[in-house]
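Only one structure is covered here, and it is reproduced in the block below.
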There are 2 protein chains.
Amino acid sequence: MQAGANDTWRGEFTVSSFGHWEYVVHVSIDAFASWQQTLRRRVEASQDEDVAVELEVGAALLLNLADGIPPREAEGLRSAAAGLTGGTRPAAVAAALSAQLRSEVERLGGESGGCASAVFPVQVEPVRARYGAWYEFFPRSAACGHHANLREAESRLDYAASMGFNVVYLPPIHPIGRTNRKGPNNSLRPEPDDPGSPWAIGGAEGGHRALHPLLGTMEDFHHFLEHARGLGLEVAMDLAFQCSPDHPAVREHPEWFWRRPDGSVRFAENPPKKYEDIFPFNFGCEAWQELWDELRDTVLFWAAQGVSIFRVDNPHTKPVAFWEWLIAEVREQHPEVVFLAEAFARPAMLHMLAKVGFSQSYTYFTWRNTARELREYLTELCCSPGREYLRPNLWANTPDIISEYLQSGGRNGFAIRLILAATLGANYGIYGPAFELCDDNPLRPGSEEYLDSEKYQLRCWDIEDARSLRPLITRVNRIRAEHVSLQADWSLTFHESDNPSLLSYSKSDPETGDTVLMVVNLDPHYTQSGFITLAASVGTEPGSYQVHDLLTGARYLWSGTRNFVSLDPATTPAHIFSLRRKVRSEHDFEYFA
Amino acid sequence: MQAGANDTWRGEFTVSSFGHWEYVVHVSIDAFASWQQTLRRRVEASQDEDVAVELEVGAALLLNLADGIPPREAEGLRSAAAGLTGGTRPAAVAAALSAQLRSEVERLGGESGGCASAVFPVQVEPVRARYGAWYEFFPRSAACGHHANLREAESRLDYAASMGFNVVYLPPIHPIGRTNRKGPNNSLRPEPDDPGSPWAIGGAEGGHRALHPLLGTMEDFHHFLEHARGLGLEVAMDLAFQCSPDHPAVREHPEWFWRRPDGSVRFAENPPKKYEDIFPFNFGCEAWQELWDELRDTVLFWAAQGVSIFRVDNPHTKPVAFWEWLIAEVREQHPEVVFLAEAFARPAMLHMLAKVGFSQSYTYFTWRNTARELREYLTELCCSPGREYLRPNLWANTPDIISEYLQSGGRNGFAIRLILAATLGANYGIYGPAFELCDDNPLRPGSEEYLDSEKYQLRCWDIEDARSLRPLITRVNRIRAEHVSLQADWSLTFHESDNPSLLSYSKSDPETGDTVLMVVNLDPHYTQSGFITLAASVGTEPGSYQVHDLLTGARYLWSGTRNFVSLDPATTPAHIFSLRRKVRSEHDFEYFA
C-alpha cells in the first residue's frame with residue numbers, strides 16, 4: 001500500500017471473477033524501517049555520539065530477529081549486526097541504511113505487532129451493471145396490423161443495434177389473463193381481440209415460465225436471444241411478480257394469495273385505485289418458503305435460457321428481505337446476472353434495494369428539469385457515499401411516463417432529454433419507438449400516461465419517419481462507446497454558467513485522460529447564450545485551445561476557463577466537446593498544447 | 001416517534017445522569033391502524049361494497065386479537081367486532097375509525113411482527129463538554145518579583161471570573177526536575193534559580209501526585225479549588241504523562257521507560273530535536289499493565305481531590321488504546337469528568353481520540369486566518385458527521401503558539417481573533433495574561449514560540465494596563481452567557497459577503513429562537529466595507545427591521561437579506577447582532593415585526 005496525505009493509504013487488487021469478494025487490511029509496525037529513519041535523521045544532524053548508540057540499537061534489533069529464525073538465515077543477520085558495530089563508521093552507516101538490508105529484514109519477517117481490519121465485502125458485477133444504453137420496446141408492436149411474433153420482432157433488434165444500444169428490455173412476454181382484462185387506455189370494457197396488459201401475467205397457456213403463444217415458442221425465444229447476441233445486444237427480461245386471475249398458480253396455490261372474508265382472492269389496489277386484472281402475492285403467507293422458492297426457480301429458469309439481465313417491476317412493493325435472498329440465491333449459480341430495480345420509491349427504499357443487491361436502479365432523473373434540479377440530483381447520485389452501492393439508470397421516458405417536459409418541449413425537448421440522460425448517466429434508457437418518434441400525447445392534460453398506451457393496445461410505429469431522432473441517438477450512443485469517460489459516473493463535475501438555461505458538466509477517465517465536456521440548452525424553445533466557467537479540476541490551459549464538438553464536428557477556439565456558448569435548440573441543443581489532454585499521473589491532468 | 005419526510009422518524013428521550021447510555025429502535029407493523037387507513041380511503045371513495053368487506057376484515061382482526069388475551073379484555077374486543085358487522089353502516093364505520101378503538105387495540109398489543117435495530121451508544125457528558133470559555137495561566141507568575149504560590153494565584157481566579165470565563169486551566173503544578181532543566185528561552189544552561197518547565201514533571205519532592213513546593217500544600221490546592229468554585233469557575237488540570245529524569249518513577253520503576261544500549265534511559269526526542277529534560281513512558285513495556293494502572297490511579301487521585309476537567313498534553317504520542325481504557329476507567333467512577341485532548345495531530349488521529357472518549361479537542365483554528373479558510377474549516381467541524389463525537393475547542397493562542405496573524409496584527413488582531421474564537425466556537429480558550437495584554441513578541445522571526453516564554457521563566461504581567469483587552473473579553477463572554485445560541489456549535493451558518501475581508505456567520509438556538517449574527521473584519525489594519533447577503537435559513541423579513549449590536553449597543557436599520565456593513569478594526573472590529581425572532585415551531589423561525 002502507498003501512503004497518501006493525512007494517514008490515507010491506497011492499495012489495489014485485481015478481481016478475477018464475478019461475485020462476492022472480501023478484503024482485509026493488515027497493519028503492523030515496521031520497527032527496522034522506523035529505526036533506519038531515526039538513524040538517517042541523526043546522521044543528517046551530525047549527532048555523532050547518538051549515531052554510535054543508534055547503530056547498537058540496530059544491531060540489537062537484528063540479533064533479536066536472528067534468534068527466532070532458522071540458523072542459515074540467522075547467520076546473515078548476525079554478520080550484518082556485527083557490521084553495524086564493528087568496522088568504520090561510514091561503512092556501518094551505509095550498510096545500516098541500505099535498502100538491501102531493509103528488504104532482507106522484511107523478507108525474514110521483521111515486522112512486529114499488527115492487527116487486521118474488519119472484513120470489507122466487494123460485489124463484482126459485469127460491466128453492464130455500470131454502463132449501458134437501454135432500449136425498451138413491446139415486441140408485439142413490431143409489426144403493423146397484427147400481433148407481431150418474436151421472429152418479426154427480431155427486426156427491432158437490428159434497429160436497436162443500429163442505433164448503438166447495448167440492452168433491449170422487453171415488457172413481460174408471458175401469457176396474459178382474460179379475466180378483467182383491460183382495454184385501450186385502461187378501459188374496463190375491452191373488445192374480444194384487445195391484447196391486454198402484459199403485466200397481467202398468466203392464463204390458460206401458463207404462467208411466469210411460459211411464453212405468450214402469439215409471441216412464439218421457446219425455440220423462437222432462443223432464436224431471438226441468439227440474434228441479439230450476434231448484434232452485441234443483451235436482452236433484459238421483466239420480472240413482474242404478480243398474477244392475473246387466470247394464472248395457474250391462483251388455482252394450484254391459492255395459499256400464496258391474500259383472501260377477502262368472502263373467500264375471494266384480493267386483487268391489487270391502492271384505494272381508491274383498483275387493478276382488477278392483477279393479484280399480488282402474499283410474501284408473508286404461511287407457505288412463504290414454497291412461494292419464494294418458486295419465484296427463485298423462475299428466475300433460474302430464465303437465466304438457464306440465457307437471460308442475464310432482469311428488470312424488476314415495482315420491487316419496493318415486495319419485502320426487501322425477499323430480494324436480498326433471491327438475488328443472493330440467483331448469483332450463487334449465475335454471478336453474471338444484472339438486476340435493475342424499477343424503484344420509483346422514496347429515497348430510503350431506493351437505497352435499501354441497492355444495498356441488498358440490485359445492480360442498478362431507476363431514478364428521479366425523469367422529473368428533474370431545471371439546471372439546479374439536475375445539478376443537485378446528479379451530484380447526490382454520483383458524488384455522495386451512496387454511489388458505492390447505488391448505480392443510477394436514467395430513463396428519459398417509460399411506457400408509464402411521458403413527462404410534462406416532453407409533453408411541452410416538442411422534438412427539441414426529446415433531443416435535450418436524450419442528450420442529458422446519455423451523458424449524465426453511464427446507464428440510461430428510453431422506451432421506443434415512442435421516444436425517437438417524439439410521441440408526446442398524454443392520456444389527458446395533467447396526466448403522465450400516454451394516450452393509446454402500448455400497455456393496452458398494439459401500436460403501429462413508422463420507424464422510418466424522417467423526423468425520427470434516430471440519427472441523433474445513433475451519434476450520441478457512438479460518442480458514448482468511443483469515450484470511456486462516459487461509461488462511468490463517479491467523475492461527473494458541474495461547471496458554472498451565468499445563464500441558468502445552460503447546464504454544463506464534464507466526465508473524465510482517470511486512466512486514459514479521456515475528457516468530455518457537455519453544455520446543454522435546457523430551454524427547448526429558444527436560443528440561450530452565456531459564459532461557462534470551467535471548474536479548476538478540469539485543468540484547462542491558460543492560453544487558447546481547440547474544443548471539438550462530437551455532435552456536429554464543429555471546432556471552436558476557447559481560451560482559459562471562461563468561454564462563450566450559444567445554443568439554438570432546433571439545430572444544436574447541446575455541445576459534447578472532446579478535450580484532448582495528456583495524462584501526467586493517475587490523478588493529475590494537463591492539456592496538450 | 002413522529003414520522004418526518006422521506007421515511008425519517010424522530011423521537012426523543014431524556015437522560016437523567018452522566019455516562020454511557022444506549023438506545024434501540026423497535027419497529028413493528030400496526031395492522032389495525034393500516035386497516036383503518038384502508039377503510040377510511042374506501043369510505044371517502046364511496047366504495048360501498050368494499051366498505052362492507054373491509055368491516056368484516058376489521059372484525060376478523062379484532063377477534064383474532066381477542067383469542068390471545070385474558071377473557072375480560074377479550075370481551076370488549078369481541079363486542080367491538082360485533083359492532084363492526086352488525087348495526088347500521090354509519091355507526092359501524094364511526095366505531096371502526098374511532099381513535100378510542102385504535103388506542104384500545106394498541107393497549108392490548110395489536111402490533112405484529114417487528115424487529116429491533118442495533119444498539120446505539122450515547123455518551124452523556126456535562127454541559128462543560130459542549131460550552132465553556134477557558135482561561136489558561138501560570139499560577140507561578142501570579143505575583144511579580146517572586147514565584148507565586150496558590151494562595152496568591154487566587155487573585156487570578158477573581159480576575160478570570162471578572163472577565164466571565166468558565167474554566168481556568170493550569171499548566172502542570174507538580175515538582176519540576178533539576179537534571180537538564182531548561183533556562184529562559186529553552187536554554188540548556190539555566191541559572192540556579194531558574195524555575196524550569198512545568199512539563200518536566202517530578203523531582204525529589206515527588207511526581208504526578210505531588211504539588212510543587214513553591215505553589216503550596218494540598219490544603220492550599222483545596223482552598224484554591226474552593227475559591228474557584230465560589231466564583232463559578234472550574235479548574236482544569238494538565239495531564240502530561242512524562243517524567244523528568246528526577247521523577248521518583250524513574251528510580252522506582254525503571255522498567256516503565258525506554259533504555260538505550262548503554263543502559264541509560266532514553267529522553268524524548270524527534271531527531272534532530274531533543275527534549276533532554278523529559279523521559280517518555282514506554283506504554284508497551286512488559287510491565288505495561290502496572291504502568292497503565294498507576295496513570296489511571298493518578299487521574300482518580302486528582303478527581304478525588306475535586307478536579308473534574310483534565311487537559312491532556314500530547315495525547316497522540318501515546319497509544320489510542322491506552323486513552324480508550326483510561327477514560328472509560330475514570331468515567332466509571334467519575335462520569336462527570338471532562339477530557340480535553342491537546343491533539344495538534346493529523347485529522348485521522350484527532351478524530352480517533354475523540355471517538356475513543358475525549359470530550360473536546362484542540363483544533364487548527366489557531367492557524368485558519370482568511371474567510372475561506374475559516375469558513376471551510378468551521379463547516380467541517382460543525383456540519384460534518386464528525387460533529388457527533390468531536391467537540392472543538394478554539395484556542396486563540398497557547399504558551400506554545402503565538403501565531404503569525406497575532407504577531408503582525410497588533411492589538412486589533414488580538415481583538416479579532418478573540419471575537420472569532422468566542423463566537424465561532426462554543427468552547428474557546430486563550431492563554432493569558434499574554435493574550436489580553438497583546439504580547440506579540442516571537443522568540444525570533446518566523447518562530448511561533450514566545451520570546452521569554454513563561455514555560456521557562458516567571459513573568460510579571462500588568463493586568464491593569466489600560467490597553468488590555470479585558471473590557472472586550474468581558475463583554476464578549478457576557479454575550480456568550482446571555483445568548484444560548486452561542487453555547488452550541490451545530491447551528492453555525494455562514495453568509496455571503498462581497499468583500500472577502502468580511503466574514504459573516506450566525507448561530508441560532510432551535511428551542512428559544514435566540515439568534516446571533518456576526519460580521520467580522522478579518523483585516524486588522526484597514527476599514528473594510530461591503531454587502532452581506534443572509535442565507536435563506538436565517539429567515540429575515542422582507543421589509544426593514546432593526547439589528548442591535550451587542551458589542552457597541554448601536555442599532556441599525558436593515559432591510560431584506562442584503563445589507564451594507566463597514567468595520568474599522570481600531571474601533572469596531574466586528575458586529576455581534578442580536579436578531580429578535582419569534583418561534584413558530586421547533587425548526588421554523590420568523591422575525592418579530
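All residue names refer to the C-alpha cells as shown: chains lettered A, B, ... in order, residues numbered from 1 in each chain, ligands numbered from 1 in order.
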Alpha helix (DSSP H) residues, from DSSP on the backbone, in region 89-283 of chain B, as a PyMOL selection string: chain B and resi 89-97+99-107+150-162+218-230+248-252
Please identify every residue of chain B that has at least one atom no farther than 8 Å from an atom of chain A, counting only C-alpha atoms, and for each give the shortest atom pair and the distance in Å to one decimal, arranged by chain then increasing number, as a Markdown table.
| residue | atom | partner | partner_atom | distance |
| --- | --- | --- | --- | --- |
| B:Asn6 | CA | A:Arg346 | CA | 6.0 |
| B:Asp7 | CA | A:Ala348 | CA | 6.5 |
| B:Thr38 | CA | A:Pro271 | CA | 6.7 |
| B:Arg41 | CA | A:Pro271 | CA | 5.8 |
| B:Arg42 | CA | A:Pro271 | CA | 6.2 |
| B:Ala45 | CA | A:Pro272 | CA | 5.9 |
| B:Gln47 | CA | A:Pro272 | CA | 8.0 |
| B:Val53 | CA | A:Pro261 | CA | 6.7 |
| B:Glu56 | CA | A:Pro261 | CA | 6.4 |
| B:Val57 | CA | A:Pro261 | CA | 6.2 |
| B:Arg260 | CA | A:Val57 | CA | 7.2 |
| B:Pro261 | CA | A:Val57 | CA | 6.2 |
| B:Asp262 | CA | A:Val53 | CA | 7.7 |
| B:Pro271 | CA | A:Arg41 | CA | 5.8 |
| B:Pro272 | CA | A:Ala45 | CA | 5.9 |
| B:Arg346 | CA | A:Asn6 | CA | 6.0 |
| B:Pro347 | CA | A:Asn6 | CA | 6.7 |
| B:Ala348 | CA | A:Asp7 | CA | 6.5 |
Compile the contact shell of Arg266 (chain A) as a PyMOL selection string: residues with an atom at most 9 Å away, counting only C-alpha atoms, same-chain residues fewer than 6 positions apart removed. chain A and resi 257-260+276+278-280
Put those residues in a file: N, CA and C atoms, as an mmCIF file, in the first residue's frame.
data_model
loop_
_atom_site.group_PDB
_atom_site.id
_atom_site.type_symbol
_atom_site.label_atom_id
_atom_site.label_comp_id
_atom_site.auth_asym_id
_atom_site.auth_seq_id
_atom_site.Cartn_x
_atom_site.Cartn_y
_atom_site.Cartn_z
ATOM 1 N N PHE A 257 -51.932 -16.317 -1.969
ATOM 2 C CA PHE A 257 -52.573 -15.031 -2.248
ATOM 3 C C PHE A 257 -53.352 -14.534 -1.039
ATOM 4 N N TRP A 258 -53.646 -13.249 -1.049
ATOM 5 C CA TRP A 258 -54.475 -12.661 0.007
ATOM 6 C C TRP A 258 -55.934 -13.015 -0.257
ATOM 7 N N ARG A 259 -56.645 -13.293 0.822
ATOM 8 C CA ARG A 259 -58.087 -13.614 0.687
ATOM 9 C C ARG A 259 -58.898 -12.522 1.356
ATOM 10 N N ARG A 260 -60.082 -12.304 0.822
ATOM 11 C CA ARG A 260 -61.031 -11.417 1.497
ATOM 12 C C ARG A 260 -61.967 -12.294 2.319
ATOM 13 N N GLU A 276 -57.862 -4.542 -11.154
ATOM 14 C CA GLU A 276 -58.666 -5.762 -11.082
ATOM 15 C C GLU A 276 -58.054 -6.915 -11.859
ATOM 16 N N ILE A 278 -54.969 -7.878 -11.695
ATOM 17 C CA ILE A 278 -53.735 -8.352 -11.052
ATOM 18 C C ILE A 278 -53.980 -8.796 -9.619
ATOM 19 N N PHE A 279 -53.479 -10.003 -9.286
ATOM 20 C CA PHE A 279 -53.456 -10.469 -7.892
ATOM 21 C C PHE A 279 -52.033 -10.374 -7.382
ATOM 22 N N PRO A 280 -51.806 -9.682 -6.270
ATOM 23 C CA PRO A 280 -50.445 -9.671 -5.715
ATOM 24 C C PRO A 280 -50.207 -10.956 -4.918
#
Could you name the residues that touch Thr217 (chain A) at 12 Å or less, counting only C-alpha atoms, but leaving out those on the same chain fewer than 3 positions away, as a list in words? Asn149, Leu150, Arg151, Ile173, His174, Pro175, Glu205, Arg209, Ala210, Leu211, His212, Pro213, Leu214, Asp220, Phe221, His222, His223 and Phe224 of chain A
Output of the above residues as a PDB file, in the first residue's frame, restricted to N, CA and C atoms:
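selection.pdb, freshly written:
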ATOM      1  N   ASN A 149     -44.880 -11.529 -33.783  1.00  0.00           N
ATOM      2  CA  ASN A 149     -44.246 -12.588 -33.002  1.00  0.00           C
ATOM      3  C   ASN A 149     -42.756 -12.287 -32.849  1.00  0.00           C
ATOM      4  N   LEU A 150     -42.051 -13.132 -32.109  1.00  0.00           N
ATOM      5  CA  LEU A 150     -40.648 -12.826 -31.799  1.00  0.00           C
ATOM      6  C   LEU A 150     -39.775 -12.833 -33.057  1.00  0.00           C
ATOM      7  N   ARG A 151     -40.121 -13.684 -34.023  1.00  0.00           N
ATOM      8  CA  ARG A 151     -39.321 -13.692 -35.258  1.00  0.00           C
ATOM      9  C   ARG A 151     -39.430 -12.330 -35.939  1.00  0.00           C
ATOM     10  N   ILE A 173     -43.336 -11.135 -21.465  1.00  0.00           N
ATOM     11  CA  ILE A 173     -43.635 -11.844 -22.708  1.00  0.00           C
ATOM     12  C   ILE A 173     -44.439 -13.109 -22.428  1.00  0.00           C
ATOM     13  N   HIS A 174     -45.092 -13.139 -21.269  1.00  0.00           N
ATOM     14  CA  HIS A 174     -45.823 -14.333 -20.850  1.00  0.00           C
ATOM     15  C   HIS A 174     -47.284 -14.266 -21.301  1.00  0.00           C
ATOM     16  N   PRO A 175     -48.017 -15.391 -21.157  1.00  0.00           N
ATOM     17  CA  PRO A 175     -49.455 -15.346 -21.431  1.00  0.00           C
ATOM     18  C   PRO A 175     -50.139 -14.266 -20.599  1.00  0.00           C
ATOM     19  N   GLU A 205     -52.626 -20.622 -20.908  1.00  0.00           N
ATOM     20  CA  GLU A 205     -51.434 -21.105 -21.600  1.00  0.00           C
ATOM     21  C   GLU A 205     -50.230 -21.224 -20.676  1.00  0.00           C
ATOM     22  N   ARG A 209     -43.292 -18.946 -16.446  1.00  0.00           N
ATOM     23  CA  ARG A 209     -42.245 -19.628 -17.213  1.00  0.00           C
ATOM     24  C   ARG A 209     -42.690 -19.917 -18.640  1.00  0.00           C
ATOM     25  N   ALA A 210     -43.883 -19.436 -19.003  1.00  0.00           N
ATOM     26  CA  ALA A 210     -44.409 -19.694 -20.353  1.00  0.00           C
ATOM     27  C   ALA A 210     -44.253 -18.444 -21.214  1.00  0.00           C
ATOM     28  N   LEU A 211     -44.359 -18.664 -22.540  1.00  0.00           N
ATOM     29  CA  LEU A 211     -44.341 -17.554 -23.485  1.00  0.00           C
ATOM     30  C   LEU A 211     -45.749 -17.312 -24.009  1.00  0.00           C
ATOM     31  N   HIS A 212     -46.064 -16.051 -24.278  1.00  0.00           N
ATOM     32  CA  HIS A 212     -47.346 -15.724 -24.898  1.00  0.00           C
ATOM     33  C   HIS A 212     -47.389 -16.447 -26.245  1.00  0.00           C
ATOM     34  N   PRO A 213     -48.461 -17.199 -26.499  1.00  0.00           N
ATOM     35  CA  PRO A 213     -48.472 -18.010 -27.722  1.00  0.00           C
ATOM     36  C   PRO A 213     -48.341 -17.175 -28.992  1.00  0.00           C
ATOM     37  N   LEU A 214     -48.851 -15.952 -28.974  1.00  0.00           N
ATOM     38  CA  LEU A 214     -48.742 -15.129 -30.185  1.00  0.00           C
ATOM     39  C   LEU A 214     -47.314 -14.623 -30.398  1.00  0.00           C
ATOM     40  N   ASP A 220     -38.422 -20.025 -30.616  1.00  0.00           N
ATOM     41  CA  ASP A 220     -38.381 -18.654 -31.152  1.00  0.00           C
ATOM     42  C   ASP A 220     -37.625 -17.728 -30.201  1.00  0.00           C
ATOM     43  N   PHE A 221     -37.872 -17.934 -28.912  1.00  0.00           N
ATOM     44  CA  PHE A 221     -37.208 -17.083 -27.918  1.00  0.00           C
ATOM     45  C   PHE A 221     -35.698 -17.272 -27.973  1.00  0.00           C
ATOM     46  N   HIS A 222     -35.266 -18.528 -28.079  1.00  0.00           N
ATOM     47  CA  HIS A 222     -33.824 -18.783 -28.175  1.00  0.00           C
ATOM     48  C   HIS A 222     -33.243 -18.165 -29.445  1.00  0.00           C
ATOM     49  N   HIS A 223     -34.015 -18.247 -30.526  1.00  0.00           N
ATOM     50  CA  HIS A 223     -33.570 -17.639 -31.782  1.00  0.00           C
ATOM     51  C   HIS A 223     -33.421 -16.134 -31.615  1.00  0.00           C
ATOM     52  N   PHE A 224     -34.371 -15.560 -30.901  1.00  0.00           N
ATOM     53  CA  PHE A 224     -34.367 -14.116 -30.617  1.00  0.00           C
ATOM     54  C   PHE A 224     -33.109 -13.739 -29.813  1.00  0.00           C
TER      55      PHE A 224
END
I'd like the contact shell of Phe344 (chain B) - 8 Å cut-off, only C-alpha atoms, skipping same-chain residues fewer than 5 positions apart - returned as an MDAnalysis selection string. chainID B and resid 314 350 362:364
Create the file for the chosen residues now, containing N, CA, C and O atoms and written as a PDB file, in the first residue's frame.
ATOM      1  N   ASN B 314      -0.421  16.371  24.577  1.00  0.00           N
ATOM      2  CA  ASN B 314       0.050  15.485  23.506  1.00  0.00           C
ATOM      3  C   ASN B 314      -0.524  14.062  23.571  1.00  0.00           C
ATOM      4  O   ASN B 314       0.242  13.088  23.558  1.00  0.00           O
ATOM      5  N   LEU B 350      -6.814  12.951  15.323  1.00  0.00           N
ATOM      6  CA  LEU B 350      -7.672  13.871  16.065  1.00  0.00           C
ATOM      7  C   LEU B 350      -9.083  13.270  16.203  1.00  0.00           C
ATOM      8  O   LEU B 350      -9.675  13.270  17.294  1.00  0.00           O
ATOM      9  N   TYR B 362      -8.457  20.318  20.928  1.00  0.00           N
ATOM     10  CA  TYR B 362      -7.853  21.468  20.279  1.00  0.00           C
ATOM     11  C   TYR B 362      -8.048  21.285  18.777  1.00  0.00           C
ATOM     12  O   TYR B 362      -8.252  20.159  18.306  1.00  0.00           O
ATOM     13  N   THR B 363      -7.954  22.363  18.028  1.00  0.00           N
ATOM     14  CA  THR B 363      -8.197  22.294  16.585  1.00  0.00           C
ATOM     15  C   THR B 363      -7.153  23.141  15.850  1.00  0.00           C
ATOM     16  O   THR B 363      -6.280  23.748  16.464  1.00  0.00           O
ATOM     17  N   TYR B 364      -7.301  23.182  14.541  1.00  0.00           N
ATOM     18  CA  TYR B 364      -6.418  24.018  13.716  1.00  0.00           C
ATOM     19  C   TYR B 364      -6.932  25.446  13.575  1.00  0.00           C
ATOM     20  O   TYR B 364      -6.386  26.199  12.779  1.00  0.00           O
TER      21      TYR B 364
END
Write out as a list of chain:residue names the residues lying within 9 Å of Asp158 (chain B), counting only C-alpha atoms and excluding same-chain residues fewer than 5 positions away. B:Met163, B:His227, B:Ala228, B:Leu231
Which residues come within 6 Å of Asp238 (chain B), counting only C-alpha atoms, excluding same-chain residues fewer than 3 positions away, as a PDB file with N, CA and C atoms, in the first residue's frame?
ATOM      1  N   PRO B 171      -1.233  24.974  33.714  1.00  0.00           N
ATOM      2  CA  PRO B 171      -0.155  24.060  33.310  1.00  0.00           C
ATOM      3  C   PRO B 171       0.246  23.235  34.529  1.00  0.00           C
ATOM      4  N   PRO B 172       1.051  22.165  34.346  1.00  0.00           N
ATOM      5  CA  PRO B 172       1.332  21.256  35.465  1.00  0.00           C
ATOM      6  C   PRO B 172       1.795  21.994  36.720  1.00  0.00           C
ATOM      7  N   PHE B 310      -9.764  17.654  32.822  1.00  0.00           N
ATOM      8  CA  PHE B 310      -8.353  17.389  32.554  1.00  0.00           C
ATOM      9  C   PHE B 310      -8.030  17.767  31.115  1.00  0.00           C
ATOM     10  N   ARG B 311      -6.963  18.550  30.971  1.00  0.00           N
ATOM     11  CA  ARG B 311      -6.460  18.891  29.642  1.00  0.00           C
ATOM     12  C   ARG B 311      -5.257  17.989  29.430  1.00  0.00           C
ATOM     13  N   VAL B 312      -5.331  17.132  28.404  1.00  0.00           N
ATOM     14  CA  VAL B 312      -4.321  16.106  28.215  1.00  0.00           C
ATOM     15  C   VAL B 312      -3.265  16.565  27.214  1.00  0.00           C
TER      16      VAL B 312
END
Pick the closest to Thr366 (chain B) from B:Arg331, B:Arg555, B:Glu380, B:Ala421: which is it, counting only C-alpha atoms?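 Closest to Thr366 (chain B) of all the choices is B:Ala421.
Proximity to Lys274 (chain A) was assessed for A:Arg444, A:His253, A:His20, A:Lys182 counting only C-alpha atoms; the smallest distance is recorded for A:Lys182.
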Residue set, region 285-458 of chain B restricted to strand (DSSP E or B), as number ranges by chain: B: 309-312, 338-341, 360-362, 392-395, 398, 401, 427-431, 442, 450
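Going from CA of Leu517 (chain A) over to CA of Val547 (chain A), you cover 9.2 Å.
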Between CA of Leu225 (chain B) and CA of Gly306 (chain B), what distance in Å does the model show, to one decimal? 7.5 Å
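Separating CA of His483 (chain A) from CA of Met237 (chain A) is a distance of 27.9 Å.
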I'd like to know which of B:Leu65, B:Leu458, B:Leu420, B:Ile463 is closest to Ser197 (chain B), using only C-alpha atoms.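 Looking only at the distances to Ser197 (chain B), the closest residue turns out to be B:Leu458.
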